[in-house]
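Below: work_2.pdb (PDB, C-alpha atoms, pLDDT in the B column)
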ATOM      1  CA  MET Q  19     -18.969   0.559   2.981  1.00 33.00           C
ATOM      2  CA  SER Q  20     -21.047  -1.119   0.338  1.00 35.00           C
ATOM      3  CA  ASN Q  21     -19.273  -2.458  -2.735  1.00 37.00           C
ATOM      4  CA  SER Q  22     -22.264  -1.750  -4.975  1.00 40.00           C
ATOM      5  CA  GLN Q  23     -22.295   1.136  -7.438  1.00 46.00           C
ATOM      6  CA  PRO Q  24     -25.471   3.194  -7.878  1.00 45.00           C
ATOM      7  CA  ALA Q  25     -27.110   2.438 -11.215  1.00 56.00           C
ATOM      8  CA  GLY Q  26     -25.964   4.884 -13.868  1.00 73.00           C
ATOM      9  CA  PHE Q  27     -23.520   6.687 -11.590  1.00 93.00           C
ATOM     10  CA  ASP Q  28     -20.307   7.819 -13.331  1.00 97.00           C
ATOM     11  CA  ALA Q  29     -17.578   8.604 -10.784  1.00 97.00           C
ATOM     12  CA  LYS Q  30     -15.232  10.099 -13.381  1.00 97.00           C
ATOM     13  CA  ALA Q  31     -17.948  12.378 -14.762  1.00 98.00           C
ATOM     14  CA  LEU Q  32     -18.697  13.650 -11.255  1.00 98.00           C
ATOM     15  CA  ALA Q  33     -14.983  14.211 -10.625  1.00 98.00           C
ATOM     16  CA  ASP Q  34     -14.659  16.117 -13.898  1.00 98.00           C
ATOM     17  CA  GLY Q  35     -17.611  18.319 -12.963  1.00 98.00           C
ATOM     18  CA  LEU Q  36     -16.252  19.038  -9.493  1.00 98.00           C
ATOM     19  CA  TYR Q  37     -12.830  19.761 -10.933  1.00 98.00           C
ATOM     20  CA  SER Q  38     -14.236  22.294 -13.405  1.00 98.00           C
ATOM     21  CA  LEU Q  39     -16.235  24.055 -10.693  1.00 98.00           C
ATOM     22  CA  ARG Q  40     -13.268  24.171  -8.338  1.00 97.00           C
ATOM     23  CA  ALA Q  41     -10.920  25.467 -11.035  1.00 96.00           C
ATOM     24  CA  ALA Q  42     -13.376  28.247 -11.889  1.00 95.00           C
ATOM     25  CA  GLY Q  43     -14.115  29.092  -8.256  1.00 94.00           C
ATOM     26  CA  ARG Q  44     -17.807  28.370  -8.792  1.00 96.00           C
ATOM     27  CA  THR Q  45     -20.458  26.340  -6.958  1.00 97.00           C
ATOM     28  CA  GLN Q  46     -23.462  24.295  -8.012  1.00 97.00           C
ATOM     29  CA  ALA Q  47     -26.553  23.165  -6.129  1.00 98.00           C
ATOM     30  CA  THR Q  48     -26.710  19.582  -4.905  1.00 97.00           C
ATOM     31  CA  ALA Q  49     -29.781  18.954  -7.067  1.00 97.00           C
ATOM     32  CA  GLU Q  50     -27.738  19.659 -10.209  1.00 97.00           C
ATOM     33  CA  PHE Q  51     -25.291  16.816  -9.544  1.00 97.00           C
ATOM     34  CA  ALA Q  52     -25.605  13.105 -10.246  1.00 94.00           C
ATOM     35  CA  THR Q  53     -24.903  12.223  -6.630  1.00 95.00           C
ATOM     36  CA  PRO Q  54     -23.200   9.073  -5.337  1.00 96.00           C
ATOM     37  CA  GLN Q  55     -25.605   7.060  -3.226  1.00 92.00           C
ATOM     38  CA  ASP Q  56     -23.024   5.503  -0.922  1.00 95.00           C
ATOM     39  CA  LEU Q  57     -19.531   6.190   0.391  1.00 95.00           C
ATOM     40  CA  THR Q  58     -17.881   3.622  -1.872  1.00 95.00           C
ATOM     41  CA  ALA Q  59     -19.077   5.464  -4.976  1.00 97.00           C
ATOM     42  CA  ALA Q  60     -18.163   8.772  -3.315  1.00 98.00           C
ATOM     43  CA  MET Q  61     -14.597   7.592  -2.681  1.00 97.00           C
ATOM     44  CA  ASP Q  62     -14.275   6.484  -6.319  1.00 97.00           C
ATOM     45  CA  ALA Q  63     -15.186  10.009  -7.416  1.00 98.00           C
ATOM     46  CA  GLN Q  64     -12.937  11.543  -4.763  1.00 98.00           C
ATOM     47  CA  GLN Q  65      -9.958   9.540  -5.994  1.00 97.00           C
ATOM     48  CA  ALA Q  66     -10.625  10.634  -9.569  1.00 98.00           C
ATOM     49  CA  LEU Q  67     -10.883  14.280  -8.466  1.00 98.00           C
ATOM     50  CA  ALA Q  68      -7.665  14.049  -6.449  1.00 98.00           C
ATOM     51  CA  SER Q  69      -5.901  12.625  -9.502  1.00 98.00           C
ATOM     52  CA  ARG Q  70      -7.176  15.484 -11.693  1.00 97.00           C
ATOM     53  CA  GLU Q  71      -5.968  18.022  -9.134  1.00 98.00           C
ATOM     54  CA  GLY Q  72      -2.543  16.405  -8.770  1.00 97.00           C
ATOM     55  CA  ALA Q  73      -2.873  15.582  -5.078  1.00 97.00           C
ATOM     56  CA  THR Q  74       0.218  13.502  -4.328  1.00 94.00           C
ATOM     57  CA  SER Q  75       1.050  14.118  -0.650  1.00 93.00           C
ATOM     58  CA  ASN Q  76       0.621  11.354   1.899  1.00 95.00           C
ATOM     59  CA  ALA Q  77      -1.526  13.658   4.040  1.00 98.00           C
ATOM     60  CA  TRP Q  78      -5.209  13.184   4.783  1.00 98.00           C
ATOM     61  CA  LYS Q  79      -8.123  14.579   6.743  1.00 98.00           C
ATOM     62  CA  VAL Q  80     -10.449  12.346   8.718  1.00 98.00           C
ATOM     63  CA  ALA Q  81     -14.062  13.233   9.462  1.00 97.00           C
ATOM     64  CA  MET Q  82     -17.312  11.592  10.489  1.00 97.00           C
ATOM     65  CA  SER Q  83     -20.460  11.194   8.415  1.00 95.00           C
ATOM     66  CA  PRO Q  84     -23.890  12.019   9.883  1.00 94.00           C
ATOM     67  CA  ASP Q  85     -24.480   8.275  10.345  1.00 93.00           C
ATOM     68  CA  GLN Q  86     -21.183   7.951  12.236  1.00 95.00           C
ATOM     69  CA  HIS Q  87     -19.014   6.414   9.516  1.00 96.00           C
ATOM     70  CA  ALA Q  88     -15.411   7.664   9.470  1.00 97.00           C
ATOM     71  CA  VAL Q  89     -14.300   9.066   6.116  1.00 97.00           C
ATOM     72  CA  VAL Q  90     -11.054  10.479   4.745  1.00 98.00           C
ATOM     73  CA  ALA Q  91      -9.898  12.793   1.963  1.00 98.00           C
ATOM     74  CA  PRO Q  92      -6.471  13.861   0.682  1.00 98.00           C
ATOM     75  CA  LEU Q  93      -5.104  17.294   1.621  1.00 98.00           C
ATOM     76  CA  HIS Q  94      -4.176  19.449  -1.391  1.00 98.00           C
ATOM     77  CA  PRO Q  95      -2.423  21.796  -1.871  1.00 98.00           C
ATOM     78  CA  TYR Q  96      -0.291  20.772   1.078  1.00 98.00           C
ATOM     79  CA  VAL Q  97       2.732  22.479   2.624  1.00 98.00           C
ATOM     80  CA  GLU Q  98       4.910  21.656   5.618  1.00 97.00           C
ATOM     81  CA  THR Q  99       6.472  24.595   7.437  1.00 95.00           C
ATOM     82  CA  ALA Q 100       8.022  25.454  10.778  1.00 90.00           C
ATOM     83  CA  ARG Q 101       6.232  28.806  10.920  1.00 90.00           C
ATOM     84  CA  ASP Q 102       5.123  30.495   7.649  1.00 95.00           C
ATOM     85  CA  ALA Q 103       3.063  29.043   4.815  1.00 97.00           C
ATOM     86  CA  GLU Q 104       1.512  30.337   1.604  1.00 97.00           C
ATOM     87  CA  LEU Q 105      -1.697  28.937   0.128  1.00 98.00           C
ATOM     88  CA  PRO Q 106      -4.204  30.164  -2.491  1.00 97.00           C
ATOM     89  CA  TYR Q 107      -7.292  32.058  -1.347  1.00 97.00           C
ATOM     90  CA  LEU Q 108     -10.834  31.839  -2.703  1.00 95.00           C
ATOM     91  CA  PRO Q 109     -13.705  34.189  -1.792  1.00 94.00           C
ATOM     92  CA  GLY Q 110     -15.885  32.639   0.906  1.00 93.00           C
ATOM     93  CA  MET Q 111     -13.126  30.300   2.062  1.00 96.00           C
ATOM     94  CA  LYS Q 112     -13.174  29.166   5.692  1.00 97.00           C
ATOM     95  CA  PHE Q 113     -10.242  28.471   8.003  1.00 98.00           C
ATOM     96  CA  GLU Q 114      -9.806  25.750  10.607  1.00 98.00           C
ATOM     97  CA  VAL Q 115      -7.073  25.229  13.184  1.00 98.00           C
ATOM     98  CA  GLU Q 116      -6.333  21.574  13.854  1.00 98.00           C
ATOM     99  CA  ILE Q 117      -3.993  19.093  15.471  1.00 98.00           C
ATOM    100  CA  ALA Q 118      -2.389  16.763  12.933  1.00 98.00           C
ATOM    101  CA  VAL Q 119      -0.455  13.593  13.687  1.00 98.00           C
ATOM    102  CA  ARG Q 120       2.178  11.557  11.891  1.00 98.00           C
ATOM    103  CA  LEU Q 121       2.146   7.782  12.165  1.00 98.00           C
ATOM    104  CA  GLY Q 122       5.382   6.267  13.409  1.00 98.00           C
ATOM    105  CA  ARG Q 123       4.126   2.827  12.520  1.00 98.00           C
ATOM    106  CA  SER Q 124       1.390   1.388  10.351  1.00 98.00           C
ATOM    107  CA  LEU Q 125      -2.085   0.514  11.590  1.00 98.00           C
ATOM    108  CA  PRO Q 126      -3.176  -2.366   9.356  1.00 97.00           C
ATOM    109  CA  VAL Q 127      -6.762  -3.545   9.164  1.00 97.00           C
ATOM    110  CA  LYS Q 128      -7.233  -6.269  11.769  1.00 94.00           C
ATOM    111  CA  ALA Q 129      -9.963  -8.550  13.048  1.00 93.00           C
ATOM    112  CA  GLY Q 130     -10.117  -6.936  16.477  1.00 96.00           C
ATOM    113  CA  LEU Q 131     -10.495  -3.317  17.470  1.00 98.00           C
ATOM    114  CA  TYR Q 132      -7.716  -0.824  18.126  1.00 98.00           C
ATOM    115  CA  SER Q 133      -7.793   0.900  21.477  1.00 98.00           C
ATOM    116  CA  ARG Q 134      -7.209   4.637  21.799  1.00 98.00           C
ATOM    117  CA  GLU Q 135      -3.939   3.826  23.578  1.00 98.00           C
ATOM    118  CA  GLU Q 136      -2.744   1.826  20.555  1.00 98.00           C
ATOM    119  CA  ILE Q 137      -3.526   4.723  18.227  1.00 98.00           C
ATOM    120  CA  LEU Q 138      -1.727   7.165  20.511  1.00 98.00           C
ATOM    121  CA  ASP Q 139       1.286   4.870  20.741  1.00 98.00           C
ATOM    122  CA  ALA Q 140       1.493   4.611  16.932  1.00 98.00           C
ATOM    123  CA  ILE Q 141       1.791   8.407  16.600  1.00 98.00           C
ATOM    124  CA  SER Q 142       5.363   9.664  16.306  1.00 98.00           C
ATOM    125  CA  GLU Q 143       4.689  13.444  16.233  1.00 98.00           C
ATOM    126  CA  ALA Q 144       1.859  15.905  16.711  1.00 98.00           C
ATOM    127  CA  TYR Q 145       1.632  19.231  14.863  1.00 98.00           C
ATOM    128  CA  LEU Q 146      -0.266  22.490  14.772  1.00 98.00           C
ATOM    129  CA  GLY Q 147      -2.024  22.699  11.403  1.00 98.00           C
ATOM    130  CA  ALA Q 148      -4.461  24.852   9.450  1.00 98.00           C
ATOM    131  CA  GLU Q 149      -7.011  23.728   6.879  1.00 98.00           C
ATOM    132  CA  LEU Q 150      -8.708  25.786   4.176  1.00 98.00           C
ATOM    133  CA  LEU Q 151     -12.292  24.865   3.295  1.00 98.00           C
ATOM    134  CA  SER Q 152     -14.300  25.712   0.190  1.00 97.00           C
ATOM    135  CA  SER Q 153     -16.802  23.417  -1.491  1.00 98.00           C
ATOM    136  CA  ALA Q 154     -17.934  23.286  -5.103  1.00 98.00           C
ATOM    137  CA  ILE Q 155     -21.352  22.318  -3.692  1.00 98.00           C
ATOM    138  CA  GLU Q 156     -23.594  25.196  -2.630  1.00 97.00           C
ATOM    139  CA  GLU Q 157     -24.905  23.336   0.399  1.00 97.00           C
ATOM    140  CA  SER Q 158     -21.581  21.639   1.185  1.00 96.00           C
ATOM    141  CA  GLY Q 159     -22.552  18.322   2.821  1.00 96.00           C
ATOM    142  CA  LYS Q 160     -25.920  19.369   4.250  1.00 96.00           C
ATOM    143  CA  LEU Q 161     -28.039  17.624   1.588  1.00 97.00           C
ATOM    144  CA  SER Q 162     -25.726  14.831   0.395  1.00 97.00           C
ATOM    145  CA  PHE Q 163     -22.776  13.835   2.537  1.00 97.00           C
ATOM    146  CA  PRO Q 164     -21.490  11.308  -0.066  1.00 98.00           C
ATOM    147  CA  LEU Q 165     -21.360  14.144  -2.610  1.00 98.00           C
ATOM    148  CA  TYR Q 166     -19.367  16.213  -0.111  1.00 98.00           C
ATOM    149  CA  VAL Q 167     -16.993  13.271   0.379  1.00 98.00           C
ATOM    150  CA  ALA Q 168     -16.485  13.197  -3.398  1.00 98.00           C
ATOM    151  CA  ASP Q 169     -15.606  16.911  -3.171  1.00 98.00           C
ATOM    152  CA  ARG Q 170     -12.694  15.976  -0.871  1.00 98.00           C
ATOM    153  CA  ILE Q 171     -14.818  16.920   2.169  1.00 98.00           C
ATOM    154  CA  GLY Q 172     -14.358  20.559   1.202  1.00 98.00           C
ATOM    155  CA  ASN Q 173     -10.569  20.607   1.540  1.00 98.00           C
ATOM    156  CA  ARG Q 174      -8.843  23.329  -0.478  1.00 98.00           C
ATOM    157  CA  GLY Q 175      -5.457  23.386   1.201  1.00 98.00           C
ATOM    158  CA  TYR Q 176      -3.502  22.540   4.313  1.00 98.00           C
ATOM    159  CA  ALA Q 177      -0.486  23.898   6.157  1.00 98.00           C
ATOM    160  CA  LEU Q 178       1.287  21.492   8.503  1.00 98.00           C
ATOM    161  CA  GLY Q 179       2.990  23.749  11.017  1.00 98.00           C
ATOM    162  CA  PRO Q 180       5.357  23.262  13.941  1.00 98.00           C
ATOM    163  CA  VAL Q 181       5.671  20.150  16.053  1.00 98.00           C
ATOM    164  CA  VAL Q 182       3.803  20.429  19.344  1.00 98.00           C
ATOM    165  CA  PRO Q 183       4.111  18.209  22.422  1.00 98.00           C
ATOM    166  CA  LYS Q 184       2.352  14.913  21.887  1.00 98.00           C
ATOM    167  CA  SER Q 185       0.716  15.477  25.270  1.00 97.00           C
ATOM    168  CA  LEU Q 186      -1.394  18.221  23.638  1.00 97.00           C
ATOM    169  CA  ILE Q 187      -3.437  15.477  21.981  1.00 98.00           C
ATOM    170  CA  ASP Q 188      -4.930  14.834  25.412  1.00 97.00           C
ATOM    171  CA  THR Q 189      -4.822  18.356  26.871  1.00 97.00           C
ATOM    172  CA  VAL Q 190      -5.569  20.685  23.929  1.00 97.00           C
ATOM    173  CA  GLY Q 191      -9.060  21.349  25.316  1.00 94.00           C
ATOM    174  CA  GLU Q 192      -7.418  23.057  28.282  1.00 96.00           C
ATOM    175  CA  VAL Q 193      -5.471  25.680  26.288  1.00 97.00           C
ATOM    176  CA  GLU Q 194      -6.362  28.929  24.521  1.00 98.00           C
ATOM    177  CA  LEU Q 195      -6.415  29.459  20.788  1.00 98.00           C
ATOM    178  CA  LYS Q 196      -6.027  32.835  19.068  1.00 98.00           C
ATOM    179  CA  VAL Q 197      -6.538  33.465  15.355  1.00 98.00           C
ATOM    180  CA  VAL Q 198      -5.961  36.941  13.905  1.00 98.00           C
ATOM    181  CA  GLN Q 199      -6.056  38.303  10.362  1.00 97.00           C
ATOM    182  CA  GLY Q 200      -4.516  41.762  10.218  1.00 93.00           C
ATOM    183  CA  SER Q 201      -6.344  43.840  12.834  1.00 93.00           C
ATOM    184  CA  THR Q 202      -9.328  41.463  12.884  1.00 95.00           C
ATOM    185  CA  SER Q 203      -9.715  38.863  15.625  1.00 96.00           C
ATOM    186  CA  ILE Q 204     -11.102  35.735  13.971  1.00 97.00           C
ATOM    187  CA  TYR Q 205     -11.188  33.586  17.089  1.00 97.00           C
ATOM    188  CA  GLN Q 206     -10.086  33.821  20.706  1.00 97.00           C
ATOM    189  CA  GLY Q 207     -11.109  31.214  23.201  1.00 97.00           C
ATOM    190  CA  PRO Q 208     -10.572  27.626  24.273  1.00 97.00           C
ATOM    191  CA  ALA Q 209      -9.402  25.080  21.741  1.00 97.00           C
ATOM    192  CA  LYS Q 210     -12.260  22.612  21.411  1.00 94.00           C
ATOM    193  CA  HIS Q 211     -12.646  19.590  19.135  1.00 96.00           C
ATOM    194  CA  PRO Q 212     -16.256  18.923  17.984  1.00 95.00           C
ATOM    195  CA  VAL Q 213     -16.427  15.626  19.895  1.00 96.00           C
ATOM    196  CA  GLY Q 214     -13.957  16.510  22.630  1.00 95.00           C
ATOM    197  CA  ASP Q 215     -11.212  14.080  21.566  1.00 97.00           C
ATOM    198  CA  VAL Q 216      -8.895  14.789  18.632  1.00 97.00           C
ATOM    199  CA  LEU Q 217      -8.286  11.050  18.178  1.00 98.00           C
ATOM    200  CA  ALA Q 218     -11.956   9.997  18.052  1.00 98.00           C
ATOM    201  CA  TRP Q 219     -12.375  10.048  14.274  1.00 98.00           C
ATOM    202  CA  LEU Q 220      -8.948   8.524  13.605  1.00 98.00           C
ATOM    203  CA  LEU Q 221      -9.770   5.718  16.026  1.00 98.00           C
ATOM    204  CA  ALA Q 222     -13.081   5.124  14.261  1.00 98.00           C
ATOM    205  CA  TYR Q 223     -11.370   5.017  10.871  1.00 98.00           C
ATOM    206  CA  ALA Q 224      -8.655   2.650  12.114  1.00 98.00           C
ATOM    207  CA  ASN Q 225     -11.402   0.291  13.269  1.00 98.00           C
ATOM    208  CA  ASP Q 226     -13.266   0.382   9.941  1.00 97.00           C
ATOM    209  CA  ARG Q 227     -12.557  -3.067   8.492  1.00 95.00           C
ATOM    210  CA  SER Q 228     -13.752  -1.928   5.045  1.00 94.00           C
ATOM    211  CA  ARG Q 229     -10.987   0.689   4.670  1.00 96.00           C
ATOM    212  CA  PRO Q 230      -8.134   0.011   2.209  1.00 94.00           C
ATOM    213  CA  ALA Q 231      -5.412  -2.246   3.596  1.00 91.00           C
ATOM    214  CA  ASN Q 232      -2.713   0.411   3.059  1.00 89.00           C
ATOM    215  CA  SER Q 233      -4.772   3.344   4.353  1.00 94.00           C
ATOM    216  CA  LEU Q 234      -2.869   4.029   7.596  1.00 98.00           C
ATOM    217  CA  GLU Q 235       0.817   3.506   6.928  1.00 98.00           C
ATOM    218  CA  THR Q 236       4.047   4.657   8.541  1.00 98.00           C
ATOM    219  CA  GLY Q 237       4.817   8.303   7.756  1.00 98.00           C
ATOM    220  CA  MET Q 238       1.245   9.272   6.871  1.00 98.00           C
ATOM    221  CA  VAL Q 239      -0.029  12.604   8.195  1.00 98.00           C
ATOM    222  CA  ILE Q 240      -3.650  12.772   9.373  1.00 98.00           C
ATOM    223  CA  THR Q 241      -5.391  15.947  10.475  1.00 98.00           C
ATOM    224  CA  THR Q 242      -8.024  15.313  13.066  1.00 97.00           C
ATOM    225  CA  GLY Q 243     -10.737  18.008  13.039  1.00 96.00           C
ATOM    226  CA  ALA Q 244     -11.211  21.673  13.899  1.00 97.00           C
ATOM    227  CA  LEU Q 245     -10.328  23.136  17.287  1.00 97.00           C
ATOM    228  CA  SER Q 246     -12.251  26.310  16.547  1.00 88.00           C
ATOM    229  CA  GLY Q 247     -15.034  25.499  14.121  1.00 92.00           C
ATOM    230  CA  ALA Q 248     -14.871  26.597  10.489  1.00 96.00           C
ATOM    231  CA  MET Q 249     -14.086  30.322  10.655  1.00 97.00           C
ATOM    232  CA  PRO Q 250     -15.163  32.707   7.864  1.00 95.00           C
ATOM    233  CA  LEU Q 251     -12.366  34.969   6.650  1.00 94.00           C
ATOM    234  CA  PRO Q 252     -12.687  38.640   5.662  1.00 92.00           C
ATOM    235  CA  GLY Q 253     -10.481  38.111   2.613  1.00 95.00           C
ATOM    236  CA  SER Q 254      -6.959  37.247   1.531  1.00 97.00           C
ATOM    237  CA  GLY Q 255      -3.899  38.144   3.603  1.00 97.00           C
ATOM    238  CA  LYS Q 256      -1.932  36.697   6.480  1.00 97.00           C
ATOM    239  CA  VAL Q 257      -3.692  34.660   9.138  1.00 98.00           C
ATOM    240  CA  GLU Q 258      -1.771  34.269  12.404  1.00 98.00           C
ATOM    241  CA  VAL Q 259      -2.453  31.328  14.727  1.00 98.00           C
ATOM    242  CA  LEU Q 260      -1.235  31.024  18.305  1.00 98.00           C
ATOM    243  CA  LEU Q 261      -2.018  27.910  20.358  1.00 98.00           C
ATOM    244  CA  ALA Q 262      -1.361  27.636  24.106  1.00 98.00           C
ATOM    245  CA  GLY Q 263       0.476  30.968  24.006  1.00 97.00           C
ATOM    246  CA  GLU Q 264       3.578  29.542  22.327  1.00 97.00           C
ATOM    247  CA  TYR Q 265       2.912  27.433  19.222  1.00 98.00           C
ATOM    248  CA  ALA Q 266       2.555  29.703  16.182  1.00 98.00           C
ATOM    249  CA  LEU Q 267       1.645  29.246  12.547  1.00 98.00           C
ATOM    250  CA  ASN Q 268       1.229  32.010   9.954  1.00 98.00           C
ATOM    251  CA  VAL Q 269      -0.611  31.314   6.712  1.00 98.00           C
ATOM    252  CA  ALA Q 270      -0.451  33.869   3.882  1.00 98.00           C
ATOM    253  CA  LEU Q 271      -3.566  33.487   1.742  1.00 97.00           C
ATOM    254  CA  VAL Q 272      -2.883  34.713  -1.775  1.00 97.00           C
ATOM    255  CA  ALA Q 273      -5.770  35.675  -4.061  1.00 93.00           C
TER     256      ALA Q 273
END
Using structure tokens, write down the structure from this file.
Amino acid sequence: MSNSQPAGFDAKALADGLYSLRAAGRTQATAEFATPQDLTAAMDAQQALASREGATSNAWKVAMSPDQHAVVAPLHPYVETARDAELPYLPGMKFEVEIAVRLGRSLPVKAGLYSREEILDAISEAYLGAELLSSAIEESGKLSFPLYVADRIGNRGYALGPVVPKSLIDTVGEVELKVVQGSTSIYQGPAKHPVGDVLAWLLAYANDRSRPANSLETGMVITTGALSGAMPLPGSGKVEVLLAGEYALNVALVA
């Protein structure tokens, strides 16, 4: 990431604007924002927004920019549960089922590159998780990905569910995923990560030498990307997730 700040860009002002829109459940077109021109400026605004929202958990999402640069954002609100969770609902919100991992040891920035095997070995547990998505930006990240990064990459909540076998990290593409809300089937089919490997974006982030030195520390939870795409929801209510026929997570979305 560049260390330069775009001329005239005010990260705190952007964060304040995003916070107000999010709090009111409103959106604004990309053209109406003073947009960050690089990911460094975007992360400054993201950190200010997370502070305004009171995001304090050591849980993060990792994603990939259109130019293949790994990016992260804090998960908030965040709950850990063996089976049932409750999170706030917003009209138009989307739902993603994901595999999350907890680091059993830190992955400091280093001169060389981490291998996938090293990342896998550093993971102490894997979990079934669910992410809620809703952006304050009308176009989400389609017109300005740095602006979307500032908006916490669209995160509006996360439920970390039950522990699943760590082997699912490698085999999740071979199992079925079911998502139901009331009598409505939201998704039924194979679990499939966008790039085929749930560790791909975490590996890319671990190998980003410009990331903060303390960005991947022992105990941190990282969610790794959707297994089902971003699914539109018909409204509030309980969403039931079943992975591989036995790992379940229920998320009550409260309007």
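Residues in contact with Thr99 (chain Q) at 7 Å, where all atoms listed in the file are counted and same-chain residues fewer than 6 positions away are skipped, are listed as Q:Leu178, Q:Gly179, Q:Pro180.
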Include C-alpha atoms and write out the residues we just selected as a PDB file, keeping the file's coordinate frame.
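Printed below is result11.pdb as written:
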ATOM      1  CA  LEU Q 178       1.287  21.492   8.503  1.00 98.00           C
ATOM      2  CA  GLY Q 179       2.990  23.749  11.017  1.00 98.00           C
ATOM      3  CA  PRO Q 180       5.357  23.262  13.941  1.00 98.00           C
TER       4      PRO Q 180
END
Query raised in the report: With only C-alpha atoms as the atoms that count, which of Q:Val89, Q:Ala68, Q:Val198, Q:Ala29 lies nearest to Ala270 (chain Q)?
Result: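 The closest residue to Ala270 (chain Q) is Q:Val198.
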Query - Distance in Å - CA of Glu71 (chain Q) versus CA of Glu104 (chain Q) - result: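 Computed distance, CA of Glu71 (chain Q) to CA of Glu104 (chain Q), equals 18.0 Å.
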Requested in this report: Evaluate the PyMOL selection byres ((chain Q and resi 163) around 10) and record the selected residues as a PyMOL selection string, following the chain and residue labels used in the document.
Outcome: chain Q and resi 53-57+60+82-85+157-162+164-169+171
C-alpha atoms of the current selection, written as an mmCIF file, keeping the file's coordinate frame:
data_model
loop_
_atom_site.group_PDB
_atom_site.id
_atom_site.type_symbol
_atom_site.label_atom_id
_atom_site.label_comp_id
_atom_site.auth_asym_id
_atom_site.auth_seq_id
_atom_site.Cartn_x
_atom_site.Cartn_y
_atom_site.Cartn_z
ATOM 1 C CA THR Q 53 -24.903 12.223 -6.630
ATOM 2 C CA PRO Q 54 -23.200 9.073 -5.337
ATOM 3 C CA GLN Q 55 -25.605 7.060 -3.226
ATOM 4 C CA ASP Q 56 -23.024 5.503 -0.922
ATOM 5 C CA LEU Q 57 -19.531 6.190 0.391
ATOM 6 C CA ALA Q 60 -18.163 8.772 -3.315
ATOM 7 C CA MET Q 82 -17.312 11.592 10.489
ATOM 8 C CA SER Q 83 -20.460 11.194 8.415
ATOM 9 C CA PRO Q 84 -23.890 12.019 9.883
ATOM 10 C CA ASP Q 85 -24.480 8.275 10.345
ATOM 11 C CA GLU Q 157 -24.905 23.336 0.399
ATOM 12 C CA SER Q 158 -21.581 21.639 1.185
ATOM 13 C CA GLY Q 159 -22.552 18.322 2.821
ATOM 14 C CA LYS Q 160 -25.920 19.369 4.250
ATOM 15 C CA LEU Q 161 -28.039 17.624 1.588
ATOM 16 C CA SER Q 162 -25.726 14.831 0.395
ATOM 17 C CA PRO Q 164 -21.490 11.308 -0.066
ATOM 18 C CA LEU Q 165 -21.360 14.144 -2.610
ATOM 19 C CA TYR Q 166 -19.367 16.213 -0.111
ATOM 20 C CA VAL Q 167 -16.993 13.271 0.379
ATOM 21 C CA ALA Q 168 -16.485 13.197 -3.398
ATOM 22 C CA ASP Q 169 -15.606 16.911 -3.171
ATOM 23 C CA ILE Q 171 -14.818 16.920 2.169
#
Specify as a compact mmCIF listing (two decimals) with C-alpha atoms, keeping the file's coordinate frame each residue included when the PyMOL selection byres ((chain Q and resi 227) around 10) is applied to this file.
# COMPACT_ATOMS: atom_id res chain seq x y z
CA MET Q 19 -18.97 0.56 2.98
CA PRO Q 126 -3.18 -2.37 9.36
CA VAL Q 127 -6.76 -3.54 9.16
CA LYS Q 128 -7.23 -6.27 11.77
CA ALA Q 129 -9.96 -8.55 13.05
CA GLY Q 130 -10.12 -6.94 16.48
CA LEU Q 131 -10.50 -3.32 17.47
CA TYR Q 223 -11.37 5.02 10.87
CA ALA Q 224 -8.65 2.65 12.11
CA ASN Q 225 -11.40 0.29 13.27
CA ASP Q 226 -13.27 0.38 9.94
CA SER Q 228 -13.75 -1.93 5.04
CA ARG Q 229 -10.99 0.69 4.67
CA PRO Q 230 -8.13 0.01 2.21
CA ALA Q 231 -5.41 -2.25 3.60
Report task. Spell out the residues picked by the PyMOL selection byres ((chain Q and resi 142) around 8) here, as JSON, numbers by chain. Result -> {"Q": [119, 120, 121, 122, 123, 139, 140, 141, 143, 144]}
Output for the residues just chosen: C-alpha atoms as a PDB file, in the coordinates of the input:
ATOM      1  CA  VAL Q 119      -0.455  13.593  13.687  1.00 98.00           C
ATOM      2  CA  ARG Q 120       2.178  11.557  11.891  1.00 98.00           C
ATOM      3  CA  LEU Q 121       2.146   7.782  12.165  1.00 98.00           C
ATOM      4  CA  GLY Q 122       5.382   6.267  13.409  1.00 98.00           C
ATOM      5  CA  ARG Q 123       4.126   2.827  12.520  1.00 98.00           C
ATOM      6  CA  ASP Q 139       1.286   4.870  20.741  1.00 98.00           C
ATOM      7  CA  ALA Q 140       1.493   4.611  16.932  1.00 98.00           C
ATOM      8  CA  ILE Q 141       1.791   8.407  16.600  1.00 98.00           C
ATOM      9  CA  GLU Q 143       4.689  13.444  16.233  1.00 98.00           C
ATOM     10  CA  ALA Q 144       1.859  15.905  16.711  1.00 98.00           C
TER      11      ALA Q 144
END
Query - Separation of CA of Leu36 (chain Q) from CA of Thr242 (chain Q), in Å and rounded to one decimal - result: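 A separation of 24.3 Å between them.
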Query - Spatial sel., origin (2.9, 15.8, -5.5), limit 12 Å, all atoms listed in the file, listed as a ChimeraX atom specification - result: /Q:68-77,92-97
Query raised in the report: Using only C-alpha atoms, which of the listed residues (Q:Ala148, Q:Ala248, Q:Ile187, Q:Ile155) sits closest to Gly35 (chain Q)?
Result: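 Distance minimum relative to Gly35 (chain Q) lands on Q:Ile155.
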**Report entry** Using all atoms listed in the file: which of Q:Tyr265, Q:Trp219, Q:Tyr107, Q:Phe27 has the shortest distance to Ala52 (chain Q)
**Finding:**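 Among Q:Tyr265, Q:Trp219, Q:Tyr107, Q:Phe27, it is Q:Phe27 that comes nearest to Ala52 (chain Q).
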Query raised in the report: Suppose you want the space between CA of Val216 (chain Q) and CA of Pro109 (chain Q); what is it in Å?
Result: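 For CA of Val216 (chain Q) relative to CA of Pro109 (chain Q), the distance reads 28.6 Å.
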Query raised in the report: Nearest to Tyr205 (chain Q) among Q:Val115, Q:Ala218, Q:Val182, Q:Ala266, with distances taken over only C-alpha atoms: which residue is it?
Result: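 Ranked by minimum distance to Tyr205 (chain Q), first place goes to Q:Val115.
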